[in-house]
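Have a look at entry39.tsv below; it lists TSV, N, CA and C atoms.
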chain	number	residue	atom	x	y	z
A	248	MET	N	15.36	9.57	-1.84
A	248	MET	CA	14.87	8.31	-2.37
A	248	MET	C	15.26	8.21	-3.85
A	249	VAL	N	15.73	7.08	-4.22
A	249	VAL	CA	16.11	6.82	-5.60
A	249	VAL	C	14.93	6.16	-6.32
A	250	ILE	N	14.63	6.64	-7.49
A	250	ILE	CA	13.54	6.06	-8.27
A	250	ILE	C	14.10	4.89	-9.07
A	251	VAL	N	13.51	3.74	-8.87
A	251	VAL	CA	13.91	2.56	-9.64
A	251	VAL	C	12.82	2.37	-10.70
A	252	TRP	N	13.06	2.93	-11.85
A	252	TRP	CA	12.04	2.99	-12.90
A	252	TRP	C	11.54	1.61	-13.31
A	253	GLU	N	12.42	0.63	-13.35
A	253	GLU	CA	11.97	-0.69	-13.81
A	253	GLU	C	11.12	-1.42	-12.77
A	254	ASP	N	11.06	-0.92	-11.52
A	254	ASP	CA	10.23	-1.55	-10.49
A	254	ASP	C	8.89	-0.85	-10.29
A	255	LEU	N	8.67	0.27	-10.97
A	255	LEU	CA	7.39	0.97	-10.85
A	255	LEU	C	6.25	0.08	-11.31
A	256	TYR	N	5.19	0.05	-10.54
A	256	TYR	CA	3.94	-0.65	-10.88
A	256	TYR	C	4.06	-2.16	-10.97
A	257	LYS	N	5.16	-2.73	-10.51
A	257	LYS	CA	5.32	-4.18	-10.54
A	257	LYS	C	4.83	-4.77	-9.23
A	258	LEU	N	4.17	-5.89	-9.33
A	258	LEU	CA	3.70	-6.59	-8.15
A	258	LEU	C	4.78	-7.56	-7.68
A	259	ARG	N	5.20	-7.40	-6.44
A	259	ARG	CA	6.16	-8.32	-5.84
A	259	ARG	C	5.41	-9.20	-4.86
A	260	ILE	N	5.60	-10.48	-4.99
A	260	ILE	CA	4.97	-11.45	-4.10
A	260	ILE	C	5.86	-11.63	-2.88
A	261	SER	N	5.29	-11.38	-1.70
A	261	SER	CA	6.08	-11.51	-0.48
A	261	SER	C	6.11	-12.95	0.04
A	262	ASN	N	5.02	-13.67	-0.23
A	262	ASN	CA	4.93	-15.04	0.27
A	262	ASN	C	4.05	-15.83	-0.69
A	263	SER	N	4.57	-16.88	-1.26
A	263	SER	CA	3.83	-17.63	-2.28
A	263	SER	C	3.01	-18.78	-1.72
A	264	GLN	N	2.91	-18.89	-0.41
A	264	GLN	CA	2.09	-19.95	0.17
A	264	GLN	C	0.63	-19.71	-0.14
A	265	GLU	N	-0.12	-20.79	-0.27
A	265	GLU	CA	-1.54	-20.69	-0.60
A	265	GLU	C	-2.32	-19.90	0.44
A	266	SER	N	-1.91	-19.96	1.67
A	266	SER	CA	-2.60	-19.23	2.74
A	266	SER	C	-2.50	-17.71	2.56
A	267	MET	N	-1.57	-17.27	1.76
A	267	MET	CA	-1.37	-15.83	1.53
A	267	MET	C	-2.02	-15.35	0.24
A	268	SER	N	-2.75	-16.18	-0.45
A	268	SER	CA	-3.32	-15.80	-1.74
A	268	SER	C	-4.30	-14.63	-1.63
A	269	HIS	N	-5.14	-14.62	-0.60
A	269	HIS	CA	-6.09	-13.51	-0.43
A	269	HIS	C	-5.32	-12.19	-0.23
A	270	HIS	N	-4.28	-12.24	0.57
A	270	HIS	CA	-3.44	-11.07	0.83
A	270	HIS	C	-2.84	-10.55	-0.48
A	271	GLU	N	-2.30	-11.43	-1.29
A	271	GLU	CA	-1.66	-11.02	-2.54
A	271	GLU	C	-2.66	-10.49	-3.56
A	272	VAL	N	-3.87	-11.05	-3.57
A	272	VAL	CA	-4.91	-10.56	-4.47
A	272	VAL	C	-5.34	-9.15	-4.06
A	273	VAL	N	-5.48	-8.92	-2.77
A	273	VAL	CA	-5.84	-7.59	-2.27
A	273	VAL	C	-4.75	-6.59	-2.64
A	274	LYS	N	-3.50	-6.98	-2.49
A	274	LYS	CA	-2.38	-6.10	-2.84
A	274	LYS	C	-2.43	-5.75	-4.34
A	275	LEU	N	-2.68	-6.73	-5.17
A	275	LEU	CA	-2.79	-6.50	-6.62
A	275	LEU	C	-3.94	-5.54	-6.94
A	276	LEU	N	-5.08	-5.74	-6.31
A	276	LEU	CA	-6.23	-4.88	-6.58
A	276	LEU	C	-5.98	-3.44	-6.12
A	277	ILE	N	-5.29	-3.27	-5.00
A	277	ILE	CA	-4.95	-1.92	-4.55
A	277	ILE	C	-4.06	-1.25	-5.58
A	278	LEU	N	-3.06	-1.96	-6.06
A	278	LEU	CA	-2.17	-1.45	-7.10
A	278	LEU	C	-2.95	-1.05	-8.34
A	279	MET	N	-3.82	-1.92	-8.81
A	279	MET	CA	-4.62	-1.64	-10.01
A	279	MET	C	-5.55	-0.45	-9.81
A	280	LYS	N	-6.17	-0.37	-8.64
A	280	LYS	CA	-7.11	0.73	-8.38
A	280	LYS	C	-6.38	2.07	-8.29
A	281	LEU	N	-5.22	2.08	-7.69
A	281	LEU	CA	-4.44	3.32	-7.65
A	281	LEU	C	-4.05	3.77	-9.05
A	282	LEU	N	-3.63	2.83	-9.88
A	282	LEU	CA	-3.28	3.17	-11.26
A	282	LEU	C	-4.48	3.69	-12.03
A	283	GLU	N	-5.62	3.06	-11.84
A	283	GLU	CA	-6.83	3.47	-12.55
A	283	GLU	C	-7.31	4.84	-12.08
A	284	LYS	N	-7.32	5.06	-10.78
A	284	LYS	CA	-7.80	6.33	-10.24
A	284	LYS	C	-6.91	7.50	-10.67
A	285	HIS	N	-5.63	7.25	-10.83
A	285	HIS	CA	-4.70	8.32	-11.16
A	285	HIS	C	-4.12	8.18	-12.57
A	286	LYS	N	-4.89	7.62	-13.47
A	286	LYS	CA	-4.36	7.35	-14.82
A	286	LYS	C	-4.01	8.63	-15.58
A	287	ARG	N	-4.65	9.73	-15.28
A	287	ARG	CA	-4.33	10.98	-15.96
A	287	ARG	C	-3.10	11.66	-15.37
A	288	GLN	N	-2.69	11.20	-14.19
A	288	GLN	CA	-1.52	11.76	-13.52
A	288	GLN	C	-0.38	10.76	-13.53
A	289	HIS	N	-0.39	9.86	-14.46
A	289	HIS	CA	0.56	8.76	-14.52
A	289	HIS	C	2.02	9.22	-14.41
A	290	ASN	N	2.33	10.36	-14.95
A	290	ASN	CA	3.71	10.85	-14.91
A	290	ASN	C	4.11	11.36	-13.52
A	291	TYR	N	3.12	11.56	-12.65
A	291	TYR	CA	3.40	12.14	-11.34
A	291	TYR	C	3.31	11.15	-10.19
A	292	ILE	N	2.94	9.93	-10.48
A	292	ILE	CA	2.79	8.97	-9.38
A	292	ILE	C	3.85	7.87	-9.46
A	293	ARG	N	4.15	7.36	-8.29
A	293	ARG	CA	5.06	6.22	-8.17
A	293	ARG	C	4.39	5.21	-7.26
A	294	ILE	N	4.37	3.98	-7.69
A	294	ILE	CA	3.77	2.91	-6.88
A	294	ILE	C	4.74	1.73	-6.88
A	295	TYR	N	5.07	1.29	-5.68
A	295	TYR	CA	5.93	0.13	-5.49
A	295	TYR	C	5.24	-0.84	-4.55
A	296	THR	N	5.56	-2.11	-4.67
A	296	THR	CA	5.08	-3.10	-3.70
A	296	THR	C	6.28	-3.65	-2.94
A	297	GLU	N	6.00	-4.10	-1.71
A	297	GLU	CA	7.05	-4.61	-0.82
A	297	GLU	C	8.18	-3.58	-0.71
A	298	PHE	N	7.80	-2.38	-0.35
A	298	PHE	CA	8.70	-1.23	-0.35
A	298	PHE	C	9.19	-0.92	1.07
A	299	PRO	N	10.49	-0.77	1.26
A	299	PRO	CA	10.99	-0.42	2.60
A	299	PRO	C	10.61	1.01	2.96
A	300	THR	N	10.01	1.17	4.14
A	300	THR	CA	9.55	2.50	4.53
A	300	THR	C	10.33	3.05	5.72
A	301	THR	N	10.04	2.54	6.90
A	301	THR	CA	10.63	3.10	8.10
A	301	THR	C	10.98	2.02	9.11
A	302	LYS	N	12.06	2.20	9.80
A	302	LYS	CA	12.47	1.31	10.89
A	302	LYS	C	12.39	-0.17	10.53
A	303	GLY	N	12.90	-0.51	9.37
A	303	GLY	CA	12.94	-1.91	8.96
A	303	GLY	C	11.62	-2.47	8.47
A	304	ARG	N	10.61	-1.64	8.33
A	304	ARG	CA	9.30	-2.09	7.84
A	304	ARG	C	9.27	-2.10	6.32
A	305	ARG	N	8.49	-3.02	5.79
A	305	ARG	CA	8.20	-3.07	4.36
A	305	ARG	C	6.69	-2.97	4.21
A	306	CYS	N	6.23	-1.95	3.50
A	306	CYS	CA	4.79	-1.84	3.30
A	306	CYS	C	4.40	-2.69	2.10
A	307	ASP	N	3.13	-3.07	2.06
A	307	ASP	CA	2.65	-3.89	0.94
A	307	ASP	C	2.58	-3.06	-0.34
A	308	VAL	N	2.04	-1.85	-0.25
A	308	VAL	CA	1.95	-0.97	-1.41
A	308	VAL	C	2.36	0.44	-0.96
A	309	TYR	N	3.28	1.02	-1.69
A	309	TYR	CA	3.72	2.39	-1.45
A	309	TYR	C	3.24	3.24	-2.60
A	310	TYR	N	2.53	4.32	-2.28
A	310	TYR	CA	2.00	5.24	-3.30
A	310	TYR	C	2.54	6.63	-3.03
A	311	GLU	N	3.01	7.28	-4.08
A	311	GLU	CA	3.55	8.63	-3.96
A	311	GLU	C	3.08	9.46	-5.14
A	312	ASN	N	2.61	10.66	-4.86
A	312	ASN	CA	2.21	11.60	-5.90
A	312	ASN	C	3.09	12.83	-5.77
A	313	ILE	N	3.96	13.06	-6.73
A	313	ILE	CA	4.90	14.17	-6.62
A	313	ILE	C	4.24	15.51	-6.93
A	314	ARG	N	3.11	15.49	-7.58
A	314	ARG	CA	2.40	16.75	-7.85
A	314	ARG	C	1.72	17.26	-6.58
A	315	THR	N	1.03	16.37	-5.86
A	315	THR	CA	0.32	16.78	-4.64
A	315	THR	C	1.20	16.66	-3.40
A	316	LYS	N	2.39	16.07	-3.56
A	316	LYS	CA	3.35	15.88	-2.47
A	316	LYS	C	2.78	15.01	-1.34
A	317	GLU	N	2.18	13.87	-1.73
A	317	GLU	CA	1.60	12.93	-0.78
A	317	GLU	C	2.27	11.57	-0.94
A	318	ALA	N	2.47	10.90	0.18
A	318	ALA	CA	2.99	9.53	0.17
A	318	ALA	C	2.14	8.71	1.15
A	319	TYR	N	1.74	7.53	0.71
A	319	TYR	CA	0.93	6.64	1.54
A	319	TYR	C	1.52	5.24	1.53
A	320	SER	N	1.45	4.62	2.66
A	320	SER	CA	1.91	3.25	2.82
A	320	SER	C	0.70	2.39	3.16
A	321	TYR	N	0.40	1.43	2.30
A	321	TYR	CA	-0.70	0.49	2.54
A	321	TYR	C	-0.14	-0.77	3.18
A	322	GLU	N	-0.68	-1.13	4.33
A	322	GLU	CA	-0.32	-2.37	5.01
A	322	GLU	C	-1.56	-3.25	5.05
A	323	VAL	N	-1.50	-4.41	4.40
A	323	VAL	CA	-2.60	-5.37	4.40
A	323	VAL	C	-2.30	-6.38	5.50
A	324	GLN	N	-3.20	-6.45	6.49
A	324	GLN	CA	-2.94	-7.31	7.64
A	324	GLN	C	-4.14	-8.20	7.95
A	325	LYS	N	-3.84	-9.45	8.26
A	325	LYS	CA	-4.89	-10.40	8.63
A	325	LYS	C	-5.13	-10.38	10.13
A	326	ASN	N	-4.07	-10.37	10.91
A	326	ASN	CA	-4.18	-10.39	12.37
A	326	ASN	C	-3.82	-9.02	12.93
A	327	LEU	N	-4.84	-8.19	13.11
A	327	LEU	CA	-4.61	-6.85	13.63
A	327	LEU	C	-4.74	-6.87	15.15
A	328	SER	N	-3.65	-7.04	15.83
A	328	SER	CA	-3.68	-6.99	17.29
A	328	SER	C	-3.44	-5.54	17.73
A	329	LYS	N	-3.80	-5.24	18.96
A	329	LYS	CA	-3.57	-3.89	19.48
A	329	LYS	C	-2.08	-3.58	19.51
A	330	ASP	N	-1.28	-4.60	19.80
A	330	ASP	CA	0.17	-4.40	19.84
A	330	ASP	C	0.72	-4.04	18.46
A	331	TRP	N	0.24	-4.77	17.43
A	331	TRP	CA	0.72	-4.50	16.07
A	331	TRP	C	0.32	-3.09	15.64
A	332	VAL	N	-0.93	-2.72	15.88
A	332	VAL	CA	-1.40	-1.39	15.49
A	332	VAL	C	-0.62	-0.31	16.23
A	333	SER	N	-0.41	-0.51	17.51
A	333	SER	CA	0.34	0.44	18.33
A	333	SER	C	1.77	0.62	17.81
A	334	GLN	N	2.42	-0.50	17.52
A	334	GLN	CA	3.80	-0.45	17.02
A	334	GLN	C	3.87	0.20	15.64
A	335	ALA	N	2.90	-0.13	14.77
A	335	ALA	CA	2.88	0.45	13.42
A	335	ALA	C	2.68	1.96	13.49
A	336	GLN	N	1.74	2.39	14.33
A	336	GLN	CA	1.50	3.83	14.48
A	336	GLN	C	2.73	4.54	15.03
A	337	LYS	N	3.39	3.88	15.96
A	337	LYS	CA	4.61	4.45	16.55
A	337	LYS	C	5.72	4.55	15.49
A	338	ASP	N	5.89	3.50	14.69
A	338	ASP	CA	6.92	3.51	13.65
A	338	ASP	C	6.64	4.56	12.58
A	339	TYR	N	5.38	4.67	12.18
A	339	TYR	CA	5.03	5.59	11.10
A	339	TYR	C	4.83	7.02	11.58
A	340	ALA	N	4.76	7.25	12.90
A	340	ALA	CA	4.57	8.61	13.43
A	340	ALA	C	5.71	9.53	13.01
A	341	GLU	N	6.90	8.97	12.93
A	341	GLU	CA	8.07	9.77	12.56
A	341	GLU	C	8.50	9.55	11.11
A	342	TRP	N	7.65	8.87	10.35
A	342	TRP	CA	7.96	8.60	8.94
A	342	TRP	C	7.91	9.90	8.16
A	343	ASP	N	9.02	10.27	7.59
A	343	ASP	CA	9.11	11.50	6.84
A	343	ASP	C	9.70	11.19	5.47
A	344	VAL	N	8.90	11.39	4.44
A	344	VAL	CA	9.36	11.13	3.08
A	344	VAL	C	9.89	12.45	2.50
A	345	PRO	N	11.14	12.46	2.05
A	345	PRO	CA	11.71	13.70	1.51
A	345	PRO	C	10.86	14.31	0.41
A	346	TYR	N	10.67	15.61	0.48
A	346	TYR	CA	9.94	16.43	-0.49
A	346	TYR	C	8.43	16.22	-0.47
A	347	MET	N	7.90	15.45	0.48
A	347	MET	CA	6.46	15.22	0.58
A	347	MET	C	5.89	16.00	1.75
A	348	LYS	N	4.70	16.57	1.57
A	348	LYS	CA	4.01	17.27	2.65
A	348	LYS	C	3.31	16.28	3.57
A	349	THR	N	2.79	15.22	3.00
A	349	THR	CA	2.02	14.22	3.74
A	349	THR	C	2.64	12.86	3.55
A	350	SER	N	2.78	12.12	4.64
A	350	SER	CA	3.16	10.71	4.56
A	350	SER	C	2.38	10.00	5.64
A	351	ASP	N	1.59	9.01	5.24
A	351	ASP	CA	0.67	8.39	6.18
A	351	ASP	C	0.53	6.90	5.93
A	352	LEU	N	0.07	6.20	6.95
A	352	LEU	CA	-0.16	4.76	6.91
A	352	LEU	C	-1.64	4.48	6.72
A	353	ILE	N	-1.97	3.55	5.82
A	353	ILE	CA	-3.34	3.09	5.65
A	353	ILE	C	-3.31	1.58	5.90
A	354	VAL	N	-4.03	1.17	6.94
A	354	VAL	CA	-4.08	-0.25	7.30
A	354	VAL	C	-5.34	-0.85	6.70
A	355	VAL	N	-5.18	-1.94	5.97
A	355	VAL	CA	-6.30	-2.65	5.35
A	355	VAL	C	-6.48	-3.96	6.12
A	356	ASP	N	-7.65	-4.10	6.75
A	356	ASP	CA	-7.94	-5.29	7.55
A	356	ASP	C	-8.46	-6.39	6.62
A	357	LEU	N	-7.65	-7.40	6.44
A	357	LEU	CA	-7.96	-8.50	5.53
A	357	LEU	C	-9.20	-9.29	5.97
A	358	ASN	N	-9.42	-9.37	7.28
A	358	ASN	CA	-10.57	-10.12	7.81
A	358	ASN	C	-11.90	-9.47	7.45
A	359	LYS	N	-11.90	-8.18	7.17
A	359	LYS	CA	-13.14	-7.47	6.84
A	359	LYS	C	-13.43	-7.47	5.35
A	360	LEU	N	-12.53	-8.04	4.57
A	360	LEU	CA	-12.69	-8.05	3.12
A	360	LEU	C	-13.21	-9.38	2.62
A	361	SER	N	-14.07	-9.31	1.64
A	361	SER	CA	-14.68	-10.49	1.05
A	361	SER	C	-13.66	-11.26	0.20
A	362	LYS	N	-13.92	-12.53	0.03
A	362	LYS	CA	-13.09	-13.33	-0.88
A	362	LYS	C	-13.71	-13.39	-2.27
A	363	ASN	N	-14.92	-12.85	-2.40
A	363	ASN	CA	-15.57	-12.72	-3.69
A	363	ASN	C	-14.96	-11.51	-4.40
A	364	ILE	N	-14.46	-11.70	-5.58
A	364	ILE	CA	-13.69	-10.66	-6.26
A	364	ILE	C	-14.52	-9.41	-6.56
A	365	ASP	N	-15.79	-9.57	-6.90
A	365	ASP	CA	-16.63	-8.40	-7.19
A	365	ASP	C	-16.89	-7.58	-5.93
A	366	GLU	N	-17.20	-8.25	-4.84
A	366	GLU	CA	-17.42	-7.56	-3.57
A	366	GLU	C	-16.12	-6.93	-3.07
A	367	LEU	N	-15.05	-7.64	-3.23
A	367	LEU	CA	-13.74	-7.14	-2.81
A	367	LEU	C	-13.39	-5.86	-3.55
A	368	ASN	N	-13.66	-5.83	-4.83
A	368	ASN	CA	-13.41	-4.64	-5.65
A	368	ASN	C	-14.15	-3.43	-5.08
A	369	LYS	N	-15.42	-3.60	-4.73
A	369	LYS	CA	-16.23	-2.51	-4.17
A	369	LYS	C	-15.71	-2.09	-2.80
A	370	GLN	N	-15.33	-3.05	-1.98
A	370	GLN	CA	-14.83	-2.74	-0.65
A	370	GLN	C	-13.52	-1.94	-0.70
A	371	LEU	N	-12.67	-2.26	-1.64
A	371	LEU	CA	-11.37	-1.59	-1.74
A	371	LEU	C	-11.49	-0.16	-2.26
A	372	ASP	N	-12.60	0.16	-2.92
A	372	ASP	CA	-12.82	1.53	-3.38
A	372	ASP	C	-12.78	2.52	-2.21
A	373	GLU	N	-13.14	2.03	-1.03
A	373	GLU	CA	-13.20	2.89	0.16
A	373	GLU	C	-11.82	3.25	0.71
A	374	VAL	N	-10.80	2.46	0.42
A	374	VAL	CA	-9.47	2.73	0.99
A	374	VAL	C	-8.50	3.37	0.01
A	375	ILE	N	-8.90	3.55	-1.21
A	375	ILE	CA	-8.02	4.13	-2.21
A	375	ILE	C	-8.00	5.65	-2.08
A	376	VAL	N	-6.80	6.21	-2.01
A	376	VAL	CA	-6.65	7.67	-1.88
A	376	VAL	C	-6.71	8.34	-3.23

Conversion result in structure tokens:
Amino acid sequence: MVIVWEDLYKLRISNSQESMSHHEVVKLLILMKLLEKHKRQHNYIRIYTEFPTTKGRRCDVYYENIRTKEAYSYEVQKNLSKDWVSQAQKDYAEWDVPYMKTSDLIVVDLNKLSKNIDELNKQLDEVIV
């Protein structure tokens, strides 16, 4: 994997339609929370948004810690069907990030999250690694 230094910690908007605003706000908060939680390890983490992962998939937020050798892919989804979950698990089952011991998928169900920013902040604390 090539590190694109100028893209670290930048928020990329995947869809600018108003219907996607909740999705994009959640993505931004995940990015901010990861940065805040790991602020002392800033030199060891990489965070990208709209990052290509496996089998043509783009995750919403990609987090990597080179010190602990962990990589996580956050997928924020509004319509979680059994088919989507099954396909995502199948695609990520063989996801292998070079030099990482762990690489895993974290699915964030948008329907279970509040639209109130204070409540949303508290809810997202539960999914941050």

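Coordinates place atom C of A:Leu327 at a distance of 17.2 Å from atom C of A:Tyr339.
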
message: Residues of stretch 271-346 of chain A classed as helix (DSSP H, G or I) by DSSP on the backbone are to be reported as a PyMOL selection string.
response: chain A and resi 271-284+286-291+329-340

Long-range neighbours of A:Thr301 as number ranges by chain, 8 Å cut-off, all atoms listed in the file, 6 positions minimum in chain: A: 338-339, 341-343

message: Given the point (-8.7, -9.5, -8.5) in the coordinates of this file, which residues lie within 8 Å, counting only N, CA and C atoms, and how would they look as a PyMOL selection string?
response: chain A and resi 271-273+275-277+363-365+367-368

Serialized selection, N, CA and C atoms, as a PDB file, in the frame of the given file:
ATOM      1  N   GLU A 271      -2.300 -11.430  -1.290  1.00  0.00           N
ATOM      2  CA  GLU A 271      -1.660 -11.020  -2.540  1.00  0.00           C
ATOM      3  C   GLU A 271      -2.660 -10.490  -3.560  1.00  0.00           C
ATOM      4  N   VAL A 272      -3.870 -11.050  -3.570  1.00  0.00           N
ATOM      5  CA  VAL A 272      -4.910 -10.560  -4.470  1.00  0.00           C
ATOM      6  C   VAL A 272      -5.340  -9.150  -4.060  1.00  0.00           C
ATOM      7  N   VAL A 273      -5.480  -8.920  -2.770  1.00  0.00           N
ATOM      8  CA  VAL A 273      -5.840  -7.590  -2.270  1.00  0.00           C
ATOM      9  C   VAL A 273      -4.750  -6.590  -2.640  1.00  0.00           C
ATOM     10  N   LEU A 275      -2.680  -6.730  -5.170  1.00  0.00           N
ATOM     11  CA  LEU A 275      -2.790  -6.500  -6.620  1.00  0.00           C
ATOM     12  C   LEU A 275      -3.940  -5.540  -6.940  1.00  0.00           C
ATOM     13  N   LEU A 276      -5.080  -5.740  -6.310  1.00  0.00           N
ATOM     14  CA  LEU A 276      -6.230  -4.880  -6.580  1.00  0.00           C
ATOM     15  C   LEU A 276      -5.980  -3.440  -6.120  1.00  0.00           C
ATOM     16  N   ILE A 277      -5.290  -3.270  -5.000  1.00  0.00           N
ATOM     17  CA  ILE A 277      -4.950  -1.920  -4.550  1.00  0.00           C
ATOM     18  C   ILE A 277      -4.060  -1.250  -5.580  1.00  0.00           C
ATOM     19  N   ASN A 363     -14.920 -12.850  -2.400  1.00  0.00           N
ATOM     20  CA  ASN A 363     -15.570 -12.720  -3.690  1.00  0.00           C
ATOM     21  C   ASN A 363     -14.960 -11.510  -4.400  1.00  0.00           C
ATOM     22  N   ILE A 364     -14.460 -11.700  -5.580  1.00  0.00           N
ATOM     23  CA  ILE A 364     -13.690 -10.660  -6.260  1.00  0.00           C
ATOM     24  C   ILE A 364     -14.520  -9.410  -6.560  1.00  0.00           C
ATOM     25  N   ASP A 365     -15.790  -9.570  -6.900  1.00  0.00           N
ATOM     26  CA  ASP A 365     -16.630  -8.400  -7.190  1.00  0.00           C
ATOM     27  C   ASP A 365     -16.890  -7.580  -5.930  1.00  0.00           C
ATOM     28  N   LEU A 367     -15.050  -7.640  -3.230  1.00  0.00           N
ATOM     29  CA  LEU A 367     -13.740  -7.140  -2.810  1.00  0.00           C
ATOM     30  C   LEU A 367     -13.390  -5.860  -3.550  1.00  0.00           C
ATOM     31  N   ASN A 368     -13.660  -5.830  -4.830  1.00  0.00           N
ATOM     32  CA  ASN A 368     -13.410  -4.640  -5.650  1.00  0.00           C
ATOM     33  C   ASN A 368     -14.150  -3.430  -5.080  1.00  0.00           C
TER      34      ASN A 368
END

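If you look at atom C of A:Ile294 and atom C of A:Ser361, they are 23.6 Å away from each other.
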
Pull stretch 262-323 of chain A out of the block and emit C-alpha atoms, as a short mmCIF file (atom, residue, chain, number, x, y, z; two decimals), in the first residue's frame.
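See decode11.cif below for the written result:
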data_model
loop_
_atom_site.label_atom_id
_atom_site.label_comp_id
_atom_site.auth_asym_id
_atom_site.auth_seq_id
_atom_site.Cartn_x
_atom_site.Cartn_y
_atom_site.Cartn_z
CA ASN A 262 -22.51 11.78 -2.42
CA SER A 263 -23.53 15.41 -1.97
CA GLN A 264 -27.28 14.83 -2.12
CA GLU A 265 -29.23 16.08 0.88
CA SER A 266 -30.50 12.57 1.58
CA MET A 267 -26.90 11.54 2.33
CA SER A 268 -26.17 14.29 4.86
CA HIS A 269 -26.68 12.05 7.92
CA HIS A 270 -24.30 9.48 6.39
CA GLU A 271 -21.62 12.11 5.74
CA VAL A 272 -21.95 13.59 9.24
CA VAL A 273 -21.52 10.14 10.78
CA LYS A 274 -18.44 9.57 8.60
CA LEU A 275 -16.97 12.90 9.75
CA LEU A 276 -17.61 12.12 13.41
CA ILE A 277 -15.98 8.69 13.10
CA LEU A 278 -12.92 10.36 11.56
CA MET A 279 -12.79 12.98 14.33
CA LYS A 280 -13.26 10.41 17.10
CA LEU A 281 -10.51 8.19 15.76
CA LEU A 282 -8.15 11.16 15.62
CA GLU A 283 -9.07 12.23 19.14
CA LYS A 284 -8.79 8.75 20.64
CA HIS A 285 -5.37 8.19 19.08
CA LYS A 286 -3.97 11.72 19.30
CA ARG A 287 -0.86 10.57 21.17
CA GLN A 288 -0.17 7.98 18.47
CA HIS A 289 -0.66 10.41 15.61
CA ASN A 290 2.58 9.36 13.92
CA TYR A 291 1.47 5.72 13.85
CA ILE A 292 -2.04 5.97 12.47
CA ARG A 293 -3.42 6.45 9.00
CA ILE A 294 -7.01 7.37 8.32
CA TYR A 295 -8.56 7.71 4.88
CA THR A 296 -12.14 8.16 3.73
CA GLU A 297 -13.68 6.57 0.63
CA PHE A 298 -10.75 4.16 0.58
CA PRO A 299 -10.56 1.16 -1.79
CA THR A 300 -10.28 -2.02 0.25
CA THR A 301 -11.16 -5.34 -1.32
CA LYS A 302 -12.91 -6.69 -4.41
CA GLY A 303 -13.89 -3.28 -5.74
CA ARG A 304 -15.28 -2.07 -2.40
CA ARG A 305 -14.72 1.40 -1.00
CA CYS A 306 -15.05 1.73 2.75
CA ASP A 307 -16.32 4.94 4.29
CA VAL A 308 -13.45 5.22 6.78
CA TYR A 309 -10.21 3.23 6.75
CA TYR A 310 -8.17 3.20 9.96
CA GLU A 311 -4.70 1.71 10.29
CA ASN A 312 -2.33 1.66 13.25
CA ILE A 313 1.18 0.63 12.24
CA ARG A 314 2.33 0.28 15.85
CA THR A 315 -0.37 -2.26 16.83
CA LYS A 316 -0.57 -3.67 13.27
CA GLU A 317 -4.37 -3.26 13.05
CA ALA A 318 -6.50 -2.16 10.11
CA TYR A 319 -10.25 -1.51 10.26
CA SER A 320 -12.75 -0.66 7.59
CA TYR A 321 -15.83 1.29 8.70
CA GLU A 322 -18.88 0.90 6.47
CA VAL A 323 -21.80 3.24 7.27
#
